[in-house]
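*Asks:* Contents of model-v8.csv (CSV, C-alpha atoms) are given next:
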chain,number,residue,atom,x,y,z
M,1,MET,CA,62.1,115.2,140.4
M,2,GLU,CA,60.2,116.0,137.2
M,3,GLU,CA,58.6,112.6,137.1
M,4,TYR,CA,57.0,113.0,140.5
M,5,HIS,CA,54.1,115.1,139.5
M,6,ARG,CA,52.8,112.7,137.0
M,7,PRO,CA,51.9,109.9,139.4
M,8,CYS,CA,50.3,112.4,141.7
M,9,ASP,CA,48.2,113.8,138.8
M,10,GLU,CA,47.0,110.4,137.9
M,11,CYS,CA,46.1,109.5,141.4
M,12,ILE,CA,44.1,112.7,141.9
M,13,ASP,CA,42.3,112.3,138.6
M,14,GLY,CA,41.5,108.8,139.4
M,15,VAL,CA,40.0,109.5,142.8
M,16,LEU,CA,38.5,112.9,142.4
M,17,GLY,CA,37.8,113.1,138.7
M,18,GLY,CA,34.2,113.8,138.0
M,19,GLU,CA,33.2,113.9,141.7
M,20,ASP,CA,31.6,116.8,143.5
M,21,TYR,CA,32.5,117.8,147.0
M,22,ASN,CA,30.9,115.5,149.4
M,23,GLN,CA,31.3,115.7,153.1
M,24,ASN,CA,30.9,112.0,153.7
M,25,ASN,CA,33.5,110.8,151.3
M,26,ILE,CA,36.1,113.5,151.8
M,27,ASN,CA,38.1,111.7,154.4
M,28,GLN,CA,38.2,108.6,152.3
M,29,TRP,CA,39.3,110.6,149.2
M,30,THR,CA,42.1,112.4,150.9
M,31,ALA,CA,43.4,109.2,152.5
M,32,SER,CA,43.3,107.3,149.2
M,33,ILE,CA,44.9,110.1,147.2
M,34,VAL,CA,47.8,110.3,149.6
M,35,GLU,CA,48.2,106.6,149.9
M,36,GLN,CA,48.1,106.0,146.2
M,37,SER,CA,50.6,108.8,145.5
M,38,LEU,CA,52.9,107.4,148.1
M,39,ALA,CA,52.6,103.9,146.6
M,40,HIS,CA,53.4,105.2,143.1
M,41,LEU,CA,56.4,107.1,144.4
M,42,VAL,CA,57.8,104.1,146.1
M,43,LYS,CA,57.5,102.1,142.9
M,44,LEU,CA,59.9,104.5,141.3
M,45,GLY,CA,62.4,102.7,143.3
M,46,LYS,CA,64.7,105.5,144.3
M,47,ALA,CA,66.4,105.8,147.7
M,48,TYR,CA,64.3,108.6,149.1
M,49,LYS,CA,62.1,109.2,152.1
M,50,TYR,CA,58.8,110.7,151.0
M,51,ILE,CA,56.3,113.0,152.7
M,52,VAL,CA,53.0,113.6,150.9
M,53,THR,CA,50.5,116.2,152.0
M,54,CYS,CA,47.1,116.8,150.5
M,55,ALA,CA,44.6,119.5,151.2
M,56,VAL,CA,41.1,119.4,149.7
M,57,VAL,CA,39.0,122.5,150.1
M,58,GLN,CA,35.5,123.2,149.0
M,59,ARG,CA,35.2,125.8,146.4
M,60,SER,CA,33.7,129.0,147.7
M,61,PRO,CA,35.0,132.6,148.1
M,62,TYR,CA,37.7,132.0,150.6
M,63,GLY,CA,41.4,132.8,151.1
M,64,PHE,CA,44.0,130.2,151.4
M,65,HIS,CA,47.7,130.7,152.0
M,66,THR,CA,50.3,128.1,152.4
M,67,ALA,CA,54.1,128.4,152.8
M,68,SER,CA,56.8,125.9,153.5
M,69,SER,CA,60.3,126.3,154.7
M,70,CYS,CA,62.8,123.5,154.6
M,71,PHE,CA,66.2,122.8,156.0
M,72,TRP,CA,67.9,120.1,153.9
M,73,ASP,CA,70.5,119.3,151.4
M,74,THR,CA,69.6,121.4,148.3
M,75,THR,CA,71.5,119.2,145.9
M,76,SER,CA,69.8,116.0,146.7
M,77,ASP,CA,66.4,116.8,148.2
M,78,GLY,CA,63.4,118.5,146.6
M,79,THR,CA,59.7,119.1,146.5
M,80,CYS,CA,56.9,119.3,144.1
M,81,THR,CA,53.4,120.8,144.3
M,82,VAL,CA,50.4,120.0,142.2
M,83,ARG,CA,47.3,122.0,142.2
M,84,TRP,CA,44.1,120.4,140.9
M,85,GLU,CA,40.7,122.0,140.6
M,86,ASN,CA,37.2,121.2,139.8
M,87,ARG,CA,33.9,122.9,139.7
M,88,THR,CA,33.3,122.2,143.4
M,89,MET,CA,36.7,121.8,145.0
M,90,ASN,CA,40.4,122.6,145.0
M,91,CYS,CA,43.0,120.1,145.8
M,92,ILE,CA,46.7,120.8,146.5
M,93,VAL,CA,49.2,117.9,146.8
M,94,ASN,CA,52.7,118.5,148.0
M,95,VAL,CA,55.5,115.9,147.8
M,96,PHE,CA,58.7,116.2,149.7
M,97,ALA,CA,61.6,113.8,148.9
M,98,ILE,CA,64.6,113.5,151.1
M,99,ALA,CA,67.6,111.5,150.0
M,100,ILE,CA,68.8,108.6,151.9
M,101,VAL,CA,72.6,108.5,151.8
M,102,LEU,CA,73.6,105.0,151.4
A,1,MET,CA,35.6,83.1,130.2
A,2,GLU,CA,35.4,80.7,127.4
A,3,LYS,CA,38.9,81.6,126.2
A,4,ARG,CA,40.3,80.6,129.5
A,5,GLY,CA,38.5,77.3,129.4
A,6,ARG,CA,39.8,76.6,125.9
A,7,GLY,CA,43.3,77.3,127.0
A,8,ALA,CA,43.1,75.0,129.9
A,9,LYS,CA,41.8,72.2,127.8
A,10,ALA,CA,44.4,72.6,125.1
A,11,PRO,CA,47.2,70.7,126.7
A,12,SER,CA,45.0,67.7,127.3
A,13,VAL,CA,43.9,67.5,123.6
A,14,SER,CA,45.9,65.0,121.6
A,15,ALA,CA,48.8,66.1,119.3
A,16,PRO,CA,47.3,66.0,115.8
A,17,GLN,CA,44.9,68.7,116.8
A,18,GLN,CA,47.6,71.3,117.6
A,19,PRO,CA,45.5,74.2,119.0
A,20,PRO,CA,46.9,77.5,118.0
A,21,VAL,CA,45.4,79.2,121.0
A,22,THR,CA,47.9,80.1,123.7
A,23,PRO,CA,46.6,79.9,127.2
A,24,ARG,CA,46.7,83.6,127.9
A,25,LYS,CA,45.5,85.2,124.6
A,26,GLU,CA,44.4,88.7,125.3
A,27,ARG,CA,41.2,89.7,123.7
A,28,ARG,CA,41.7,92.6,121.3
A,29,PRO,CA,39.6,95.4,122.5
A,30,SER,CA,37.2,96.7,119.9
A,31,MET,CA,37.9,100.0,118.4
A,32,PHE,CA,34.8,101.5,119.9
A,33,GLU,CA,35.8,100.5,123.4
A,34,LYS,CA,39.0,102.4,123.3
A,35,GLU,CA,37.3,105.5,122.1
A,36,ALA,CA,34.6,105.2,124.6
A,37,TYR,CA,37.1,105.0,127.5
A,38,ALA,CA,38.9,108.1,126.3
A,39,GLN,CA,35.6,109.8,125.9
A,40,ILE,CA,34.5,109.0,129.4
A,41,LEU,CA,37.7,110.1,130.8
A,42,ARG,CA,37.5,113.4,129.0
A,43,GLU,CA,34.0,113.9,130.1
A,44,ARG,CA,34.8,113.3,133.7
A,45,LEU,CA,37.7,115.6,133.7
A,46,ARG,CA,36.0,118.3,131.6
A,47,GLU,CA,35.5,120.6,134.5
A,48,SER,CA,38.8,120.1,136.2
A,49,ILE,CA,42.1,121.6,135.5
A,50,HIS,CA,45.4,120.9,137.0
A,51,ASP,CA,48.8,122.4,136.9
A,52,VAL,CA,52.2,121.9,138.5
A,53,GLN,CA,52.6,124.7,140.9
A,54,TYR,CA,56.2,124.5,142.1
A,55,VAL,CA,59.1,122.2,141.7
A,56,GLU,CA,62.3,122.6,143.5
A,57,PRO,CA,65.3,122.4,142.9
A,58,PRO,CA,65.1,124.2,139.6
A,59,PHE,CA,66.6,122.1,137.0
A,60,ASP,CA,68.1,124.5,134.6
A,61,ASP,CA,69.7,126.8,137.0
A,62,SER,CA,73.3,126.9,138.0
A,63,ILE,CA,72.4,126.9,141.6
A,64,ALA,CA,72.3,123.2,141.6
A,65,ASP,CA,75.7,123.0,140.0
A,66,LEU,CA,77.3,125.2,142.6
A,67,GLY,CA,76.2,122.8,145.3
A,68,LYS,CA,77.6,119.9,143.3
A,69,GLU,CA,81.0,121.5,142.9
A,70,TRP,CA,81.2,122.0,146.6
A,71,LYS,CA,80.1,118.5,147.2
A,72,SER,CA,82.6,116.9,144.9
A,73,ALA,CA,85.3,119.0,146.5
A,74,LEU,CA,84.2,117.7,149.9
A,75,ALA,CA,84.3,114.2,148.6
A,76,LYS,CA,88.1,114.5,148.2
A,77,LEU,CA,88.4,115.0,151.9
A,78,LYS,CA,88.2,111.7,153.7
A,79,PHE,CA,86.3,111.7,156.9
A,80,ALA,CA,86.9,109.2,159.5
A,81,ASN,CA,84.0,106.9,160.3
A,82,SER,CA,82.0,108.1,163.3
A,83,TYR,CA,80.3,104.7,163.7
A,84,ARG,CA,77.3,106.6,164.8
A,85,MET,CA,74.1,104.8,163.9
A,86,GLU,CA,71.6,106.9,165.8
A,87,PRO,CA,71.2,110.6,166.6
A,88,LEU,CA,72.9,112.1,169.7
A,89,LYS,CA,69.6,113.7,170.7
A,90,LYS,CA,66.4,112.2,169.5
A,91,PHE,CA,63.7,114.6,168.3
A,92,GLN,CA,61.5,115.5,171.2
A,93,ALA,CA,58.1,116.4,169.8
A,94,HIS,CA,56.5,117.8,172.9
A,95,SER,CA,59.1,120.6,173.5
A,96,VAL,CA,59.0,121.6,169.9
A,97,GLU,CA,55.3,121.7,169.9
A,98,THR,CA,55.1,124.1,172.9
A,99,LYS,CA,57.7,126.3,171.3
A,100,VAL,CA,55.8,126.4,167.9
A,101,GLN,CA,52.5,127.1,169.6
A,102,GLN,CA,54.0,129.9,171.6
A,103,ILE,CA,55.4,131.5,168.4
A,104,LEU,CA,52.1,131.2,166.6
A,105,LYS,CA,50.3,132.8,169.5
A,106,GLU,CA,52.7,135.7,169.7
A,107,SER,CA,52.7,136.6,166.1
A,108,LEU,CA,49.0,136.0,165.3
A,109,GLN,CA,47.5,137.5,168.4
A,110,ASP,CA,45.5,140.4,166.9
A,111,VAL,CA,46.0,139.8,163.2
A,112,LYS,CA,42.9,140.1,161.1
A,113,TYR,CA,42.7,138.1,157.8
A,114,ASP,CA,44.2,140.2,155.0
A,115,ASP,CA,45.3,138.9,151.6
A,116,LYS,CA,48.5,140.9,151.1
A,117,VAL,CA,49.7,140.7,154.7
A,118,PHE,CA,49.2,137.0,154.9
A,119,SER,CA,51.0,136.0,151.8
A,120,HIS,CA,54.3,137.3,153.2
A,121,LEU,CA,53.4,136.6,156.8
A,122,SER,CA,53.2,132.9,156.0
A,123,LEU,CA,56.7,132.9,154.5
A,124,GLU,CA,58.0,134.9,157.4
A,125,LEU,CA,56.4,132.7,160.0
A,126,ALA,CA,57.8,129.6,158.2
A,127,ASP,CA,61.3,131.0,158.3
A,128,ARG,CA,60.9,132.0,162.0
A,129,ILE,CA,59.7,128.6,163.0
A,130,LEU,CA,62.5,126.9,161.1
A,131,SER,CA,65.2,129.0,162.8
A,132,SER,CA,63.7,128.3,166.2
A,133,VAL,CA,63.5,124.6,165.6
A,134,LYS,CA,67.2,124.7,164.5
A,135,GLU,CA,68.0,126.3,167.8
A,136,PHE,CA,67.0,123.2,169.6
A,137,GLY,CA,70.1,121.7,168.4
A,138,TYR,CA,69.1,118.3,167.0
A,139,HIS,CA,72.1,117.3,165.1
A,140,ARG,CA,71.9,115.7,161.6
A,141,TYR,CA,68.2,116.3,161.4
A,142,LYS,CA,66.5,117.8,158.3
A,143,PHE,CA,63.4,119.8,158.8
A,144,ILE,CA,60.4,120.6,156.7
A,145,ILE,CA,58.0,123.3,158.0
A,146,LYS,CA,54.6,123.8,156.4
A,147,VAL,CA,52.4,126.8,157.3
A,148,LEU,CA,48.8,126.9,156.2
A,149,PHE,CA,46.4,129.8,156.6
A,150,ILE,CA,42.7,129.2,155.9
A,151,GLN,CA,40.1,131.9,155.9
A,152,LYS,CA,37.0,131.0,157.8
A,153,THR,CA,34.0,131.5,155.5
A,154,GLY,CA,32.0,128.4,156.2
A,155,GLN,CA,33.7,126.1,153.7
A,156,ALA,CA,35.1,122.8,154.7
A,157,ILE,CA,38.7,121.8,154.3
A,158,ASN,CA,40.4,118.4,154.7
A,159,ILE,CA,44.2,118.0,155.1
A,160,ALA,CA,45.9,114.6,155.0
A,161,SER,CA,49.6,113.6,155.1
A,162,ARG,CA,51.4,110.3,154.7
A,163,TRP,CA,55.0,109.5,154.7
A,164,ILE,CA,57.7,106.9,154.3
A,165,TRP,CA,60.5,107.4,156.7
A,166,ASP,CA,62.5,105.8,159.5
A,167,VAL,CA,60.0,105.2,162.3
A,168,ALA,CA,62.7,105.1,165.0
A,169,TRP,CA,64.1,108.6,164.6
A,170,ASP,CA,61.8,110.6,162.4
A,171,SER,CA,58.8,112.4,163.7
A,172,TRP,CA,56.3,115.3,163.2
A,173,VAL,CA,54.6,118.0,165.2
A,174,SER,CA,51.5,120.0,164.4
A,175,ALA,CA,50.2,123.2,166.0
A,176,LYS,CA,47.0,125.0,165.4
A,177,HIS,CA,46.0,128.6,166.1
A,178,GLU,CA,42.4,129.6,165.6
A,179,THR,CA,40.8,133.0,165.6
A,180,GLU,CA,37.5,134.4,164.5
A,181,THR,CA,38.5,135.1,160.9
A,182,PHE,CA,41.1,132.4,160.1
A,183,VAL,CA,42.8,129.2,161.2
A,184,ALA,CA,46.5,128.8,161.1
A,185,LEU,CA,48.0,125.3,161.0
A,186,VAL,CA,51.7,124.5,161.2
A,187,LEU,CA,53.3,121.1,160.5
A,188,VAL,CA,56.9,120.4,161.4
A,189,PHE,CA,58.5,117.2,160.0
A,190,ALA,CA,61.9,116.2,161.4
A,191,LEU,CA,63.9,113.5,159.5
A,192,TYR,CA,67.2,112.1,160.6
A,193,CYS,CA,69.9,112.2,158.0
A,194,GLU,CA,72.1,109.2,158.2
As structure tokens, please, write out the structure in this file.
*Replies:*
Amino acid sequence: MEEYHRPCDECIDGVLGGEDYNQNNINQWTASIVEQSLAHLVKLGKAYKYIVTCAVVQRSPYGFHTASSCFWDTTSDGTCTVRWENRTMNCIVNVFAIAIVL
Amino acid sequence: MEKRGRGAKAPSVSAPQQPPVTPRKERRPSMFEKEAYAQILRERLRESIHDVQYVEPPFDDSIADLGKEWKSALAKLKFANSYRMEPLKKFQAHSVETKVQQILKESLQDVKYDDKVFSHLSLELADRILSSVKEFGYHRYKFIIKVLFIQKTGQAINIASRWIWDVAWDSWVSAKHETETFVALVLVFALYCE
């Protein structure tokens, strides 16, 4: 589980690094962050189902709460959250991994 | 470009002239190039910070070990094969959606946005929705509930999800509740555990 945040970090940096919040590109960015993270996770080659969620918010005085509740096997399944921020925006990426019992 | 050309020509050159060039010799990057790349990267990321917010299960705790003990004890019991390849009851998204929407409406009817209240309201709501989804009685399904509260202050937000799962049996539901001061979004993912 610890190696899951590194590929996500790299994906976000690659896509959003140095960019300012832009309404036109935002759809494209979120889609590419999520797809690239998923591709990296699959390359790890483990027998897991993955769910990747990404929320990108423009930076302004606002409040944001997020909670998640999961019903799974605590010994084999897990989650990882990465928060990335910039001068103009905040990005939160959440990865859930569910084990496939072979 | 010229390197590749040379490499391609090498095999056809006659033997006495043994070219030392291998077809795929990588050009050694100049020292300045490497530095420049690192510099550019640093420059781009100068204004950004990131941190890992939350990882579960905790790796040093003994909580994980407890589960493992139980699991290894369970392994000693031999279960007969059930020969069941598919779930008894497939996850019906529409009925779950109506139920979740109803819960959201009930609990968020007159609530105004408030920092302290919302931080534990979100957890409470997530647990409540989880228990109500469990009540539906979908056997062998694992659930993930995500609750998001966003204050309405004129900023834009974009949320995307992608997944890798079994398309036949796994599914998701989303419900939104909007008021004057905030928007509440609930995502429910159901995964069949084989």
*Asks:* Residues of chain M were defined as contacting chain A if any atom lay at most 8 Å from it, counting only C-alpha atoms; please report them as a ChimeraX atom specification.
*Replies:* /M:1-2,5,9,13,17-18,26-27,30-31,34-35,38,49-72,74-75,77-87,100-101
*Asks:* Kindly give the distance, in Å, that separates CA of Gln109 in chain A and CA of Thr179 in chain A, rounded to a single decimal.
*Replies:*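 The value is 8.5 Å.
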*Asks:* Measuring between only C-alpha atoms, which one of A:Phe91, A:Tyr37, A:Trp172, A:Tyr83 shows the shortest distance to His139 in chain A?
*Replies:*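 Using only C-alpha atoms, the shortest distance to His139 in chain A belongs to A:Phe91.
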*Asks:* How many Å separate CA of Ile103 in chain A from CA of Ser174 in chain A?
*Replies:* 12.8 Å
*Asks:* So how far away is CA of Gln39 in chain A from CA of Asn24 in chain M, in Å?
*Replies:*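 Taking CA of Asn24 in chain M as the start and CA of Gln39 in chain A as the end point, the length is 28.3 Å.
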*Asks:* Where atoms are absent from range 79-96 of chain M, fill them in so it carries N, CA, C and O atoms, then output it as a JSON list (two decimals), in the frame of the given file.
*Replies:*
[["chain", "number", "residue", "atom", "x", "y", "z"],
["M", 79, "THR", "N", 61.18, 119.18, 146.32],
["M", 79, "THR", "CA", 59.70, 119.10, 146.50],
["M", 79, "THR", "C", 59.00, 119.42, 145.25],
["M", 79, "THR", "O", 59.57, 119.96, 144.31],
["M", 80, "CYS", "N", 57.74, 119.04, 145.23],
["M", 80, "CYS", "CA", 56.90, 119.30, 144.10],
["M", 80, "CYS", "C", 55.48, 119.48, 144.50],
["M", 80, "CYS", "O", 54.99, 118.78, 145.39],
["M", 81, "THR", "N", 54.82, 120.48, 143.93],
["M", 81, "THR", "CA", 53.40, 120.80, 144.30],
["M", 81, "THR", "C", 52.53, 120.71, 143.12],
["M", 81, "THR", "O", 52.86, 121.24, 142.07],
["M", 82, "VAL", "N", 51.40, 120.05, 143.29],
["M", 82, "VAL", "CA", 50.40, 120.00, 142.20],
["M", 82, "VAL", "C", 49.11, 120.51, 142.66],
["M", 82, "VAL", "O", 48.63, 120.16, 143.72],
["M", 83, "ARG", "N", 48.55, 121.40, 141.86],
["M", 83, "ARG", "CA", 47.30, 122.00, 142.20],
["M", 83, "ARG", "C", 46.23, 121.46, 141.23],
["M", 83, "ARG", "O", 46.43, 121.53, 140.04],
["M", 84, "TRP", "N", 45.12, 120.97, 141.75],
["M", 84, "TRP", "CA", 44.10, 120.40, 140.90],
["M", 84, "TRP", "C", 42.79, 121.02, 141.24],
["M", 84, "TRP", "O", 42.45, 121.12, 142.41],
["M", 85, "GLU", "N", 42.03, 121.43, 140.23],
["M", 85, "GLU", "CA", 40.70, 122.00, 140.60],
["M", 85, "GLU", "C", 39.62, 121.54, 139.74],
["M", 85, "GLU", "O", 39.79, 121.05, 138.66],
["M", 86, "ASN", "N", 38.44, 121.77, 140.26],
["M", 86, "ASN", "CA", 37.20, 121.20, 139.80],
["M", 86, "ASN", "C", 36.16, 122.27, 139.93],
["M", 86, "ASN", "O", 36.44, 123.32, 140.50],
["M", 87, "ARG", "N", 34.97, 121.97, 139.51],
["M", 87, "ARG", "CA", 33.90, 122.90, 139.70],
["M", 87, "ARG", "C", 33.61, 123.18, 141.18],
["M", 87, "ARG", "O", 33.22, 124.27, 141.59],
["M", 88, "THR", "N", 33.73, 122.11, 141.98],
["M", 88, "THR", "CA", 33.30, 122.20, 143.40],
["M", 88, "THR", "C", 34.43, 122.20, 144.39],
["M", 88, "THR", "O", 34.20, 122.47, 145.56],
["M", 89, "MET", "N", 35.63, 121.86, 143.97],
["M", 89, "MET", "CA", 36.70, 121.80, 145.00],
["M", 89, "MET", "C", 38.07, 122.04, 144.42],
["M", 89, "MET", "O", 38.30, 121.91, 143.24],
["M", 90, "ASN", "N", 38.95, 122.37, 145.34],
["M", 90, "ASN", "CA", 40.40, 122.60, 145.00],
["M", 90, "ASN", "C", 41.18, 121.54, 145.76],
["M", 90, "ASN", "O", 40.89, 121.25, 146.91],
["M", 91, "CYS", "N", 42.22, 121.06, 145.12],
["M", 91, "CYS", "CA", 43.00, 120.10, 145.80],
["M", 91, "CYS", "C", 44.51, 120.42, 145.59],
["M", 91, "CYS", "O", 44.93, 120.68, 144.47],
["M", 92, "ILE", "N", 45.28, 120.45, 146.67],
["M", 92, "ILE", "CA", 46.70, 120.80, 146.50],
["M", 92, "ILE", "C", 47.48, 119.60, 147.13],
["M", 92, "ILE", "O", 47.30, 119.24, 148.29],
["M", 93, "VAL", "N", 48.37, 119.02, 146.32],
["M", 93, "VAL", "CA", 49.20, 117.90, 146.80],
["M", 93, "VAL", "C", 50.63, 118.32, 146.78],
["M", 93, "VAL", "O", 51.11, 118.85, 145.80],
["M", 94, "ASN", "N", 51.31, 118.07, 147.87],
["M", 94, "ASN", "CA", 52.70, 118.50, 148.00],
["M", 94, "ASN", "C", 53.54, 117.25, 148.29],
["M", 94, "ASN", "O", 53.20, 116.47, 149.16],
["M", 95, "VAL", "N", 54.62, 117.07, 147.54],
["M", 95, "VAL", "CA", 55.50, 115.90, 147.80],
["M", 95, "VAL", "C", 56.86, 116.40, 148.17],
["M", 95, "VAL", "O", 57.44, 117.24, 147.49],
["M", 96, "PHE", "N", 57.36, 115.90, 149.29],
["M", 96, "PHE", "CA", 58.70, 116.20, 149.70],
["M", 96, "PHE", "C", 59.55, 114.93, 149.56],
["M", 96, "PHE", "O", 59.11, 113.88, 150.02]]
